[in-house]
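Data block for final.txt (compact mmCIF, C-alpha atoms):
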# COMPACT_ATOMS: atom_id res chain seq x y z
CA MET A 528 66.28 -19.29 -11.46
CA MET A 529 62.76 -20.38 -10.60
CA TYR A 530 60.03 -18.89 -12.71
CA PRO A 531 57.01 -18.20 -10.59
CA ASP A 532 53.77 -20.03 -11.31
CA HIS A 533 51.62 -17.46 -12.99
CA LYS A 534 48.54 -19.54 -12.53
CA THR A 535 48.35 -17.90 -9.11
CA GLN A 536 46.05 -14.95 -8.53
CA ARG A 537 48.78 -12.38 -8.21
CA TYR A 538 49.24 -11.25 -11.79
CA GLN A 539 45.93 -12.42 -13.14
CA LYS A 540 44.53 -8.98 -13.88
CA GLN A 541 47.53 -7.81 -15.86
CA ILE A 542 47.99 -11.11 -17.66
CA PHE A 543 44.43 -10.61 -18.83
CA LEU A 544 45.52 -7.54 -20.83
CA LYS A 545 46.29 -8.66 -24.38
CA GLU A 546 49.24 -6.26 -24.60
CA LEU A 547 50.84 -8.18 -21.74
CA GLY A 548 49.54 -11.71 -21.49
CA GLU A 549 51.36 -14.67 -20.02
CA GLN A 550 54.27 -13.96 -22.31
CA GLY A 551 54.63 -10.43 -21.01
CA GLN A 552 54.51 -11.70 -17.46
CA GLN A 553 57.28 -14.18 -18.21
CA LEU A 554 59.35 -11.39 -19.72
CA LEU A 555 58.87 -9.35 -16.56
CA SER A 556 59.96 -12.23 -14.37
CA ARG A 557 63.12 -12.57 -16.44
CA GLY A 558 63.78 -8.85 -16.50
CA SER A 559 66.02 -6.81 -14.24
CA VAL A 560 65.94 -3.11 -13.39
CA LEU A 561 68.42 -1.07 -11.40
CA VAL A 562 66.89 1.87 -9.52
CA VAL A 563 69.47 4.50 -8.67
CA GLY A 564 68.20 6.43 -5.70
CA ALA A 565 65.53 5.17 -3.30
CA GLY A 566 64.03 8.60 -2.74
CA GLY A 567 61.06 10.47 -4.13
CA LEU A 568 61.24 8.89 -7.57
CA GLY A 569 62.75 5.58 -6.47
CA CYS A 570 60.13 4.68 -3.87
CA PRO A 571 57.08 4.58 -6.14
CA ALA A 572 59.14 3.09 -8.96
CA LEU A 573 60.36 0.28 -6.70
CA GLN A 574 56.86 -0.41 -5.43
CA TYR A 575 55.35 -0.74 -8.87
CA LEU A 576 58.25 -2.67 -10.39
CA ALA A 577 58.06 -5.13 -7.52
CA VAL A 578 54.32 -5.71 -7.62
CA ALA A 579 54.37 -5.98 -11.41
CA GLY A 580 56.65 -8.99 -11.04
CA VAL A 581 59.99 -7.73 -12.33
CA GLY A 582 62.31 -10.64 -11.60
CA ARG A 583 65.32 -8.82 -10.22
CA ILE A 584 65.53 -5.31 -8.85
CA GLY A 585 68.65 -3.45 -7.82
CA ILE A 586 68.64 -0.51 -5.41
CA VAL A 587 71.48 2.00 -5.14
CA ASP A 588 71.32 4.40 -2.22
CA PHE A 589 73.76 5.22 0.56
CA ASP A 590 71.50 7.61 2.42
CA VAL A 591 69.39 7.14 5.55
CA VAL A 592 65.73 7.95 6.08
CA ASP A 593 64.96 11.42 7.40
CA GLU A 594 61.61 12.69 8.68
CA SER A 595 61.48 15.30 5.92
CA ASN A 596 61.49 12.45 3.39
CA LEU A 597 58.24 10.97 4.64
CA HIS A 598 55.84 13.30 2.82
CA ARG A 599 56.96 11.83 -0.51
CA GLN A 600 59.16 8.74 -0.04
CA VAL A 601 56.29 6.39 0.51
CA LEU A 602 58.21 3.20 1.31
CA TYR A 603 59.34 4.61 4.67
CA THR A 604 57.63 5.00 8.04
CA MET A 605 58.42 6.85 11.26
CA GLU A 606 60.15 3.69 12.57
CA ASP A 607 62.60 3.80 9.67
CA ILE A 608 64.09 7.19 10.48
CA GLY A 609 67.86 6.85 10.66
CA LYS A 610 67.95 3.52 8.84
CA LEU A 611 69.62 2.93 5.47
CA LYS A 612 67.07 3.55 2.71
CA ALA A 613 68.29 0.70 0.51
CA LYS A 614 67.88 -1.81 3.32
CA VAL A 615 64.40 -0.60 4.28
CA ALA A 616 63.32 -0.48 0.64
CA GLU A 617 64.50 -4.04 0.15
CA ILE A 618 62.43 -5.24 3.10
CA ARG A 619 59.35 -3.30 1.94
CA ILE A 620 59.34 -4.51 -1.64
CA LYS A 621 60.05 -8.09 -0.70
CA ALA A 622 57.04 -7.90 1.58
CA LEU A 623 55.01 -6.58 -1.36
CA ASN A 624 56.24 -9.38 -3.59
CA PRO A 625 58.38 -12.20 -2.17
CA GLU A 626 59.03 -13.51 -5.70
CA VAL A 627 61.27 -10.56 -6.54
CA GLU A 628 65.03 -10.93 -6.16
CA VAL A 629 66.53 -7.77 -4.69
CA GLU A 630 70.16 -6.63 -4.71
CA ILE A 631 71.12 -3.58 -2.75
CA PHE A 632 74.15 -1.31 -3.09
CA CYS A 633 74.55 0.93 -0.04
CA GLU A 634 77.22 2.99 -1.71
CA LYS A 635 77.58 6.19 -3.65
CA ILE A 636 77.63 5.50 -7.36
CA GLY A 637 80.77 6.79 -9.02
CA PRO A 638 83.09 6.16 -11.97
CA GLU A 639 84.83 3.40 -10.02
CA ASN A 640 81.74 1.23 -9.41
CA ALA A 641 79.06 2.36 -11.88
CA LEU A 642 80.01 0.08 -14.75
CA SER A 643 80.20 -3.05 -12.62
CA ILE A 644 76.88 -2.32 -10.90
CA LEU A 645 74.94 -1.24 -13.99
CA SER A 646 76.16 -4.11 -16.13
CA ARG A 647 74.25 -6.54 -13.90
CA PHE A 648 70.87 -5.19 -15.01
CA ASP A 649 68.88 -4.89 -18.24
CA LEU A 650 67.52 -1.41 -17.57
CA VAL A 651 68.49 1.53 -15.41
CA LEU A 652 66.03 3.91 -13.78
CA ASP A 653 67.41 7.28 -12.74
CA GLY A 654 65.93 8.28 -9.41
CA SER A 655 68.92 10.35 -8.37
CA ASP A 656 68.80 13.90 -7.06
CA ASN A 657 71.87 15.63 -8.40
CA PHE A 658 73.43 16.53 -11.74
CA PRO A 659 76.81 14.80 -11.39
CA THR A 660 75.05 11.46 -10.83
CA ARG A 661 72.66 12.06 -13.69
CA TYR A 662 75.47 12.71 -16.16
CA LEU A 663 77.42 9.77 -14.78
CA ILE A 664 74.53 7.31 -15.13
CA ASN A 665 73.79 8.66 -18.56
CA ASP A 666 77.31 8.16 -19.82
CA ALA A 667 77.55 4.71 -18.22
CA CYS A 668 74.32 3.63 -19.93
CA VAL A 669 75.54 4.87 -23.31
CA LEU A 670 78.82 3.05 -22.81
CA LEU A 671 77.09 -0.16 -21.69
CA ASN A 672 74.31 0.25 -24.26
CA LYS A 673 71.50 0.07 -21.73
CA PRO A 674 68.18 1.92 -21.82
CA LEU A 675 67.94 4.61 -19.16
CA ILE A 676 64.62 5.77 -17.82
CA TYR A 677 65.05 9.36 -16.84
CA GLY A 678 62.82 11.26 -14.44
CA SER A 679 63.30 14.48 -12.54
CA VAL A 680 61.19 16.91 -10.55
CA PHE A 681 61.16 20.53 -9.47
CA ARG A 682 58.44 21.97 -7.25
CA PHE A 683 55.31 21.06 -9.20
CA GLU A 684 56.90 20.03 -12.47
CA GLY A 685 58.41 16.81 -13.72
CA GLN A 686 60.37 15.57 -16.71
CA LEU A 687 60.36 12.04 -18.13
CA SER A 688 62.19 10.35 -20.97
CA VAL A 689 63.74 7.10 -22.07
CA PHE A 690 67.35 7.46 -23.14
CA ASN A 691 69.51 5.18 -25.18
CA LEU A 692 66.63 3.15 -26.59
CA PRO A 693 66.59 3.09 -30.39
CA ASP A 694 63.39 4.17 -32.11
CA GLN A 695 63.52 3.94 -35.89
CA GLY A 696 67.26 3.66 -35.64
CA VAL A 697 67.70 6.84 -33.59
CA LYS A 698 68.86 7.00 -29.97
CA THR A 699 69.18 10.04 -27.75
CA ASN A 700 70.52 10.59 -24.27
CA TYR A 701 70.65 13.18 -21.49
CA ARG A 702 73.46 15.12 -23.10
CA ASP A 703 71.28 15.64 -26.19
CA LEU A 704 68.88 17.46 -23.89
CA PHE A 705 71.28 19.28 -21.62
CA PRO A 706 74.83 19.23 -22.99
CA GLU A 707 75.97 21.51 -20.21
CA PRO A 708 75.02 21.29 -16.56
CA PRO A 709 73.72 24.46 -14.93
CA ASP A 710 76.02 26.68 -12.94
CA PRO A 711 76.27 25.33 -9.37
CA SER A 712 74.67 28.53 -8.10
CA GLU A 713 71.56 27.77 -10.15
CA VAL A 714 71.06 24.27 -8.83
CA VAL A 715 68.11 23.78 -6.51
CA GLY A 716 67.11 20.33 -5.33
CA CYS A 717 63.94 19.27 -3.56
CA ASN A 718 65.35 20.29 -0.20
CA GLU A 719 65.86 23.89 -1.25
CA ALA A 720 63.11 24.50 -3.79
CA GLY A 721 60.48 22.36 -2.16
CA VAL A 722 58.47 19.70 -3.94
CA LEU A 723 54.87 18.58 -3.85
CA GLY A 724 54.91 15.08 -2.35
CA VAL A 725 52.74 13.51 -5.01
CA LEU A 726 54.85 14.80 -7.85
CA PRO A 727 57.77 12.35 -7.63
CA GLY A 728 55.10 9.77 -6.92
CA ILE A 729 53.60 10.47 -10.35
CA ILE A 730 56.88 10.74 -12.24
CA GLY A 731 58.44 7.73 -10.48
CA THR A 732 55.38 5.64 -11.30
CA MET A 733 55.61 6.77 -14.91
CA GLN A 734 59.24 5.69 -14.92
CA ALA A 735 58.18 2.24 -13.70
CA THR A 736 55.57 2.23 -16.47
CA GLU A 737 58.25 2.86 -19.08
CA ALA A 738 60.33 0.01 -17.64
CA ILE A 739 57.39 -2.37 -17.86
CA LYS A 740 56.69 -1.30 -21.43
CA ILE A 741 60.28 -1.80 -22.48
CA ILE A 742 60.55 -5.22 -20.85
CA THR A 743 57.25 -6.53 -22.22
CA GLY A 744 57.19 -4.71 -25.55
CA ALA A 745 53.79 -3.24 -24.74
CA GLY A 746 52.90 0.22 -26.02
CA LYS A 747 55.41 2.84 -27.09
CA PRO A 748 58.21 3.82 -24.70
CA LEU A 749 59.12 7.49 -24.51
CA ALA A 750 62.27 7.22 -26.60
CA ASN A 751 63.57 10.40 -28.26
CA ARG A 752 60.83 12.34 -26.53
CA LEU A 753 60.67 14.39 -23.36
CA LEU A 754 57.46 14.57 -21.40
CA CYS A 755 56.97 17.63 -19.21
CA TYR A 756 54.22 17.57 -16.63
CA ASN A 757 52.93 20.36 -14.43
CA ALA A 758 50.84 19.13 -11.51
CA LEU A 759 49.43 22.57 -10.73
CA ASN A 760 47.58 22.96 -13.99
CA ASN A 761 47.78 19.43 -15.45
CA PHE A 762 49.72 20.80 -18.38
CA VAL A 763 51.44 18.03 -20.34
CA TYR A 764 53.96 19.01 -22.99
CA GLU A 765 55.80 16.46 -25.10
CA LEU A 766 58.89 17.39 -27.09
CA GLU A 767 60.95 15.63 -29.70
CA ILE A 768 64.64 15.11 -28.90
CA SER A 769 67.28 14.79 -31.62
CA PRO A 770 70.88 13.64 -31.25
CA LEU A 771 73.40 16.47 -30.85
CA GLU A 772 76.86 16.29 -32.41
CA SER A 773 78.42 17.66 -29.24
CA SER A 774 77.22 14.73 -27.09
CA GLY A 775 79.63 12.38 -28.79
CA LEU A 776 82.52 14.69 -27.89
CA GLN A 777 81.68 14.61 -24.19
CA ILE A 778 80.76 10.98 -23.47
CA PRO A 779 83.69 8.71 -22.60
CA GLN A 780 84.18 6.07 -25.28
CA THR A 781 85.84 3.36 -23.21
CA ALA A 782 85.59 1.97 -19.69
CA GLU A 783 89.05 3.35 -19.02
CA ASP A 784 88.05 6.86 -20.06
CA PHE A 785 84.86 6.58 -18.04
CA GLN A 786 86.75 5.66 -14.89
CA LYS A 787 88.88 8.77 -15.28
CA MET A 788 85.88 11.09 -15.46
CA ASN A 789 85.17 13.47 -12.62
CA TYR A 790 81.48 14.30 -12.74
CA GLU A 791 81.52 16.45 -9.62
CA TRP A 792 84.14 18.59 -11.27
CA PHE A 793 82.23 18.63 -14.57
CA CYS A 794 79.16 19.99 -12.83
CA ASN A 795 80.82 22.26 -10.32
CA ARG A 796 83.81 23.61 -12.07
CA LEU A 797 84.22 27.30 -12.25
CA VAL A 798 87.60 26.97 -13.88
CA SER A 799 87.65 24.65 -16.84
CA GLU A 800 90.42 22.95 -18.72
CA TYR A 801 90.56 23.14 -22.46
CA LYS A 802 90.11 20.38 -24.99
CA ASP A 803 91.99 19.97 -28.24
CA ILE A 804 89.78 19.65 -31.30
CA ASP A 805 90.46 18.90 -34.94
CA GLY A 806 89.03 20.60 -38.02
CA ALA A 807 85.99 18.37 -38.23
CA ALA A 808 84.97 18.98 -34.62
CA PHE A 809 85.61 22.68 -35.13
CA ASP A 810 83.28 22.74 -38.12
CA GLN A 811 80.58 21.13 -36.00
CA LEU A 812 81.03 23.65 -33.20
CA ARG A 813 81.12 26.72 -35.41
CA SER A 814 77.80 25.79 -36.96
CA SER A 815 76.15 26.78 -33.67
CA GLN A 816 75.39 30.43 -33.01
CA THR A 817 76.28 30.09 -29.34
CA THR A 818 79.90 29.10 -30.01
CA GLN A 819 82.36 31.97 -29.53
CA ILE A 820 85.48 31.89 -31.66
CA ILE A 821 88.62 33.90 -30.95
CA ASP A 822 91.63 34.46 -33.20
CA VAL A 823 94.63 35.27 -30.98
CA ARG A 824 97.03 36.09 -33.82
CA ASN A 825 98.36 39.58 -34.33
CA LEU A 826 96.10 41.72 -36.46
CA HIS A 827 98.45 41.90 -39.42
CA GLU A 828 98.90 38.14 -39.74
CA THR A 829 97.62 36.24 -42.75
CA PRO A 830 95.83 34.20 -44.00
CA ARG A 831 92.74 36.28 -43.39
CA VAL A 832 89.81 34.30 -42.06
CA THR A 833 86.54 35.18 -43.75
CA GLU A 834 84.83 31.80 -43.63
CA PHE A 835 83.18 32.43 -40.25
CA GLU A 836 82.54 35.20 -37.79
CA HIS A 837 84.97 35.49 -34.93
CA LEU A 838 86.59 37.92 -32.50
CA ARG A 839 90.18 39.01 -32.97
CA ILE A 840 92.06 39.46 -29.70
CA PRO A 841 95.84 39.20 -30.07
CA LEU A 842 97.42 37.07 -27.34
CA SER A 843 99.35 40.07 -25.99
CA GLU A 844 96.08 41.93 -25.42
CA LEU A 845 94.06 39.01 -24.15
CA GLY A 846 94.60 39.74 -20.48
CA GLU A 847 92.83 43.14 -20.67
CA ASN A 848 90.06 41.85 -22.92
CA LEU A 849 88.75 38.85 -21.03
CA HIS A 850 85.48 40.71 -20.46
CA GLN A 851 84.70 40.20 -24.15
CA ILE A 852 84.34 36.48 -23.50
CA ASP A 853 80.98 35.09 -22.33
CA PRO A 854 81.75 32.38 -19.75
CA ALA A 855 78.46 30.61 -20.36
CA ARG A 856 79.06 29.89 -24.04
CA PRO A 857 81.47 27.33 -25.53
CA LEU A 858 84.69 28.96 -26.73
CA VAL A 859 87.06 27.96 -29.53
CA ILE A 860 90.51 29.55 -29.70
CA PHE A 861 92.76 29.45 -32.75
CA CYS A 862 96.04 30.95 -33.90
CA GLN A 863 98.38 30.25 -36.77
CA THR A 864 99.59 26.75 -35.90
CA GLY A 865 98.03 25.92 -32.56
CA VAL A 866 100.81 27.05 -30.22
CA ARG A 867 99.70 30.48 -29.08
CA SER A 868 96.12 29.30 -28.82
CA ILE A 869 97.23 26.85 -26.13
CA MET A 870 98.78 29.71 -24.20
CA ALA A 871 95.57 31.66 -24.63
CA ALA A 872 93.56 28.68 -23.41
CA HIS A 873 95.71 28.43 -20.27
CA LEU A 874 95.30 32.12 -19.59
CA ILE A 875 91.55 32.07 -20.10
CA THR A 876 90.92 28.97 -18.01
CA GLU A 877 93.07 30.36 -15.20
CA LYS A 878 91.51 33.78 -15.13
CA ILE A 879 87.84 33.21 -15.86
CA GLY A 880 85.55 30.23 -15.48
CA VAL A 881 84.60 29.61 -19.07
CA ARG A 882 82.62 26.43 -19.13
CA THR A 883 84.00 24.78 -22.26
CA VAL A 884 87.18 25.88 -24.00
CA TYR A 885 88.44 24.26 -27.19
CA ASN A 886 91.81 24.69 -28.84
CA LEU A 887 92.02 24.23 -32.62
CA LYS A 888 94.90 21.79 -33.08
CA GLY A 889 97.26 22.74 -35.88
CA GLY A 890 95.79 26.21 -35.98
CA ILE A 891 94.09 27.96 -38.85
CA ILE A 892 96.82 26.87 -41.28
CA LYS A 893 95.93 23.21 -40.84
CA TRP A 894 92.22 23.94 -40.94
CA LYS A 895 92.51 25.85 -44.22
CA THR A 896 94.62 23.21 -45.90
CA GLN A 897 92.17 20.48 -44.94
CA ARG A 898 89.21 22.21 -46.50
CA MET B 378 58.57 36.98 -36.39
CA LYS B 379 56.09 37.04 -33.57
CA VAL B 380 56.41 34.07 -31.22
CA THR B 381 55.04 32.91 -27.88
CA ILE B 382 57.51 32.02 -25.16
CA LEU B 383 56.58 29.18 -22.81
CA PRO B 384 58.87 29.13 -19.77
CA PHE B 385 59.24 26.03 -17.56
CA GLY B 386 60.61 25.46 -14.07
CA LYS B 387 62.46 28.36 -12.50
CA LEU B 388 62.23 30.35 -15.72
CA ALA B 389 58.53 30.82 -15.11
CA ASP B 390 59.47 32.88 -12.02
CA ILE B 391 61.52 35.23 -14.17
CA PHE B 392 58.69 35.84 -16.60
CA SER B 393 56.07 35.78 -13.84
CA GLN B 394 53.47 34.62 -16.30
CA GLN B 395 52.78 31.39 -18.17
CA GLU B 396 53.26 32.81 -21.67
CA TRP B 397 55.19 35.73 -23.04
CA ALA B 398 54.84 37.31 -26.48
CA LEU B 399 58.03 38.23 -28.31
CA GLU B 400 58.48 40.04 -31.63
CA GLY B 401 61.32 40.77 -33.97
CA VAL B 402 63.17 37.48 -33.68
CA ALA B 403 64.14 35.19 -36.55
CA THR B 404 66.04 32.35 -34.87
CA ALA B 405 66.14 30.50 -31.56
CA GLY B 406 69.50 32.15 -30.84
CA GLU B 407 67.95 35.59 -31.30
CA VAL B 408 65.21 34.65 -28.85
CA ARG B 409 67.88 33.90 -26.27
CA LEU B 410 69.72 37.15 -26.88
CA LYS B 411 66.59 39.31 -26.95
CA LEU B 412 65.17 37.73 -23.77
CA GLU B 413 68.50 38.20 -21.99
CA MET B 414 68.29 41.91 -22.75
CA THR B 415 64.84 42.13 -21.19
CA PHE B 416 65.58 39.67 -18.38
CA PRO B 417 69.25 39.86 -17.42
CA ALA B 418 68.66 37.04 -14.90
CA LEU B 419 68.49 34.69 -17.89
CA LYS B 420 72.10 35.34 -18.84
CA GLY B 421 74.25 32.36 -18.01
CA MET B 422 71.24 30.18 -17.15
CA ARG B 423 71.07 26.82 -18.80
CA TYR B 424 67.94 25.88 -20.64
CA LEU B 425 67.04 24.11 -23.82
CA ILE B 426 64.86 25.68 -26.47
CA ALA B 427 62.07 23.80 -28.22
CA VAL B 428 60.24 25.31 -31.17
CA ASP B 429 56.80 23.86 -31.82
CA LYS B 430 57.65 20.84 -29.64
CA LYS B 431 60.95 20.04 -31.25
CA ILE B 432 64.21 20.66 -29.39
CA VAL B 433 66.41 22.85 -31.57
CA ASP B 434 69.78 24.55 -31.59
CA ASP B 435 70.26 28.28 -31.77
CA ASN B 436 70.37 28.32 -35.56
CA CYS B 437 66.78 27.15 -35.86
CA VAL B 438 64.70 29.52 -37.96
CA LEU B 439 61.37 30.42 -36.38
CA GLY B 440 58.01 30.49 -38.07
CA GLU B 441 55.29 33.07 -37.49
CA ASP B 442 53.38 32.26 -34.30
CA SER B 443 55.88 29.55 -33.29
CA ILE B 444 55.65 28.39 -29.70
CA VAL B 445 59.08 28.58 -28.16
CA ALA B 446 59.44 26.55 -24.96
CA LEU B 447 62.34 27.20 -22.61
CA LEU B 448 63.23 24.26 -20.39
CA PRO B 449 65.81 24.26 -17.62
CA PRO B 450 67.12 20.94 -16.32
CA PHE B 451 65.67 19.60 -13.07
CA SER B 452 67.84 17.62 -10.69
CA GLY B 453 65.22 16.74 -8.08
CA GLY B 454 64.53 13.10 -7.38
As structure tokens:
Amino acid sequence: MMYPDHKTQRYQKQIFLKELGEQGQQLLSRGSVLVVGAGGLGCPALQYLAVAGVGRIGIVDFDVVDESNLHRQVLYTMEDIGKLKAKVAEIRIKALNPEVEVEIFCEKIGPENALSILSRFDLVLDGSDNFPTRYLINDACVLLNKPLIYGSVFRFEGQLSVFNLPDQGVKTNYRDLFPEPPDPSEVVGCNEAGVLGVLPGIIGTMQATEAIKIITGAGKPLANRLLCYNALNNFVYELEISPLESSGLQIPQTAEDFQKMNYEWFCNRLVSEYKDIDGAAFDQLRSSQTTQIIDVRNLHETPRVTEFEHLRIPLSELGENLHQIDPARPLVIFCQTGVRSIMAAHLITEKIGVRTVYNLKGGIIKWKTQR
Amino acid sequence: MKVTILPFGKLADIFSQQEWALEGVATAGEVRLKLEMTFPALKGMRYLIAVDKKIVDDNCVLGEDSIVALLPPFSGG
């Protein structure tokens, strides 16, 4: 790989900054960033990453340019309508900076290709426009141990964070923010809700800023923090993110597990399957007020459970009492030894779309003996 | 406790104002439940809760005059 001669004029003004310097510029030229989505967020991010001198940039987008994109996707012109975004973006950013190496992926990112594509880059920038992709990229970055620069927009508001980058030994990711995707009926993208054109321009540029900071070591990247910006009133709100126990339960631990994931189903399912959990996981779940717990044993059965609050609905009466279950909240089912609870789980997941259903393996007997 | 609710994104439509005062709540979970009673549209909606700029779970105990932000996820890009 040829390192560009930074004695040229191009980067002079940023090399002059002591936080960057020649060293920072060299780091940029050796760095690589994958931008997933060459849309509202991706376009400004790609522009600024390219002109900053990032050595290698990847672009993932299978979509074509549409006229309704042009008010915010600033790499594209009227002549580009109908053309593949990734190909046009590549031409545009190479014109901005011929020193940049560009790799394009005109394909939909999925469990079958995400790991091989993402592993080629140091950093990933999420410029996608749907929840399944966001969860997928998140999990892939955790698995591959890559920082993920998250950005999203809605009408006049944006969110920004850096996931999977340790700060004082702590890392957080998208599932620590939003463990559960919204109900499909709630989801509104830019096409339905509308979006102010400049907004993804601002957030996408901020994402590029985070990438530059991470690569060069300048400043403080937005790790373990979420920045919320409202363009209408210039309100900026920054929150602290902490790791959630539940994230670990949901993120695939191996490449094999990852490739079996179905993120479309995860985000769109109205009928869920259930997951077996052990006593330790159960203890984590029951510490949250939102977790519902159901005992499906008959009312006379012992041992009595007084250690935590729960509903008692015997299996034989479950069918008429499904209305007692809130489909939006995680549900744990237990019985004596973990047999009837499986039957209950099947019944519940068939009849009502409870988002997350857990079955206590070994039942309450095992749980009590392990305490 | 008396707290101020700060809704973001679509949630701001439900409250139809930038801030909302709420009384008689002790935890983040109680905020959720009490708001759902007043605004049934909130039931089943996904949003995180941050108390005084720290994202919390439902067990979080509130302080007097806490600012409780409600943030839904955005997918737009």
Just the residues within 12 Å of A:Ala750, please, counting all atoms listed in the file, with nothing from its chain fewer than 6 positions along; format it as a ChimeraX atom specification. /A:674-677,687-701,737-738,740-741,765-770
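Taking atom CA of A:Phe785 as the reference point, atom CA of A:Ile631 is found at 22.9 Å.
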With chain B as the partner and 6 Å as the cut-off, tabulate the residues of chain A that qualify, each row holding the nearest pair of atoms and their distance in Å to one decimal, using all atoms listed in the file, sorted by chain and rising number, as JSON lines.
{"residue": "A:Gly567", "atom": "CA", "partner": "B:Gly454", "partner_atom": "CA", "distance": 5.4}
{"residue": "A:Leu568", "atom": "CA", "partner": "B:Gly454", "partner_atom": "CA", "distance": 5.3}
{"residue": "A:Gly654", "atom": "CA", "partner": "B:Gly454", "partner_atom": "CA", "distance": 5.4}
{"residue": "A:Ser655", "atom": "CA", "partner": "B:Gly454", "partner_atom": "CA", "distance": 5.3}
{"residue": "A:Asp656", "atom": "CA", "partner": "B:Gly454", "partner_atom": "CA", "distance": 4.4}
{"residue": "A:Asn657", "atom": "CA", "partner": "B:Ser452", "partner_atom": "CA", "distance": 5.0}
{"residue": "A:Phe658", "atom": "CA", "partner": "B:Ser452", "partner_atom": "CA", "distance": 5.8}
{"residue": "A:Ser679", "atom": "CA", "partner": "B:Gly453", "partner_atom": "CA", "distance": 5.4}
{"residue": "A:Val680", "atom": "CA", "partner": "B:Gly453", "partner_atom": "CA", "distance": 4.7}
{"residue": "A:Phe681", "atom": "CA", "partner": "B:Gly453", "partner_atom": "CA", "distance": 5.7}
{"residue": "A:Pro709", "atom": "CA", "partner": "B:Arg423", "partner_atom": "CA", "distance": 5.3}
{"residue": "A:Gly716", "atom": "CA", "partner": "B:Gly453", "partner_atom": "CA", "distance": 4.9}
{"residue": "A:Cys717", "atom": "CA", "partner": "B:Gly453", "partner_atom": "CA", "distance": 5.3}
{"residue": "A:Leu766", "atom": "CA", "partner": "B:Lys430", "partner_atom": "CA", "distance": 4.5}
{"residue": "A:Glu767", "atom": "CA", "partner": "B:Lys431", "partner_atom": "CA", "distance": 4.7}
{"residue": "A:Ile768", "atom": "CA", "partner": "B:Ile432", "partner_atom": "CA", "distance": 5.6}
{"residue": "A:Gln816", "atom": "CA", "partner": "B:Asp435", "partner_atom": "CA", "distance": 5.7}
{"residue": "A:Ala855", "atom": "CA", "partner": "B:Gly421", "partner_atom": "CA", "distance": 5.1}
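Taking only C-alpha atoms into account, A:Gln897 lies nearest to A:Ala807 out of the set A:Val651, A:Leu623, A:Cys668, A:Ala807.
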Rank nothing, just name the residue among A:Glu719, A:Tyr801, A:Phe705, A:His827 nearest to B:Leu447, using only C-alpha atoms. A:Phe705
When you draw a straight line from atom CA of A:Leu555 to atom CA of A:Val627, how long is it in Å?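 About the pair atom CA of A:Leu555 and atom CA of A:Val627: they are 10.4 Å apart.
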Can you tell me which residues surround B:Gln395 at a distance of at most 9 Å, considering all atoms listed in the file, apart from same-chain residues fewer than 4 positions away, and format the answer as JSON, numbers by chain? {"B": [382, 383, 384, 385, 389]}
Could you write out the selected residues, including C-alpha atoms, as a tab-separated table (two decimals), keeping the file's coordinate frame?
chain	number	residue	atom	x	y	z
B	382	ILE	CA	57.51	32.02	-25.16
B	383	LEU	CA	56.58	29.18	-22.81
B	384	PRO	CA	58.87	29.13	-19.77
B	385	PHE	CA	59.24	26.03	-17.56
B	389	ALA	CA	58.53	30.82	-15.11
Interatomic distance, atom CA of A:Ala579 to atom CA of A:Arg537 (Å, one decimal):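 Distance between the two atoms: 9.1 Å.
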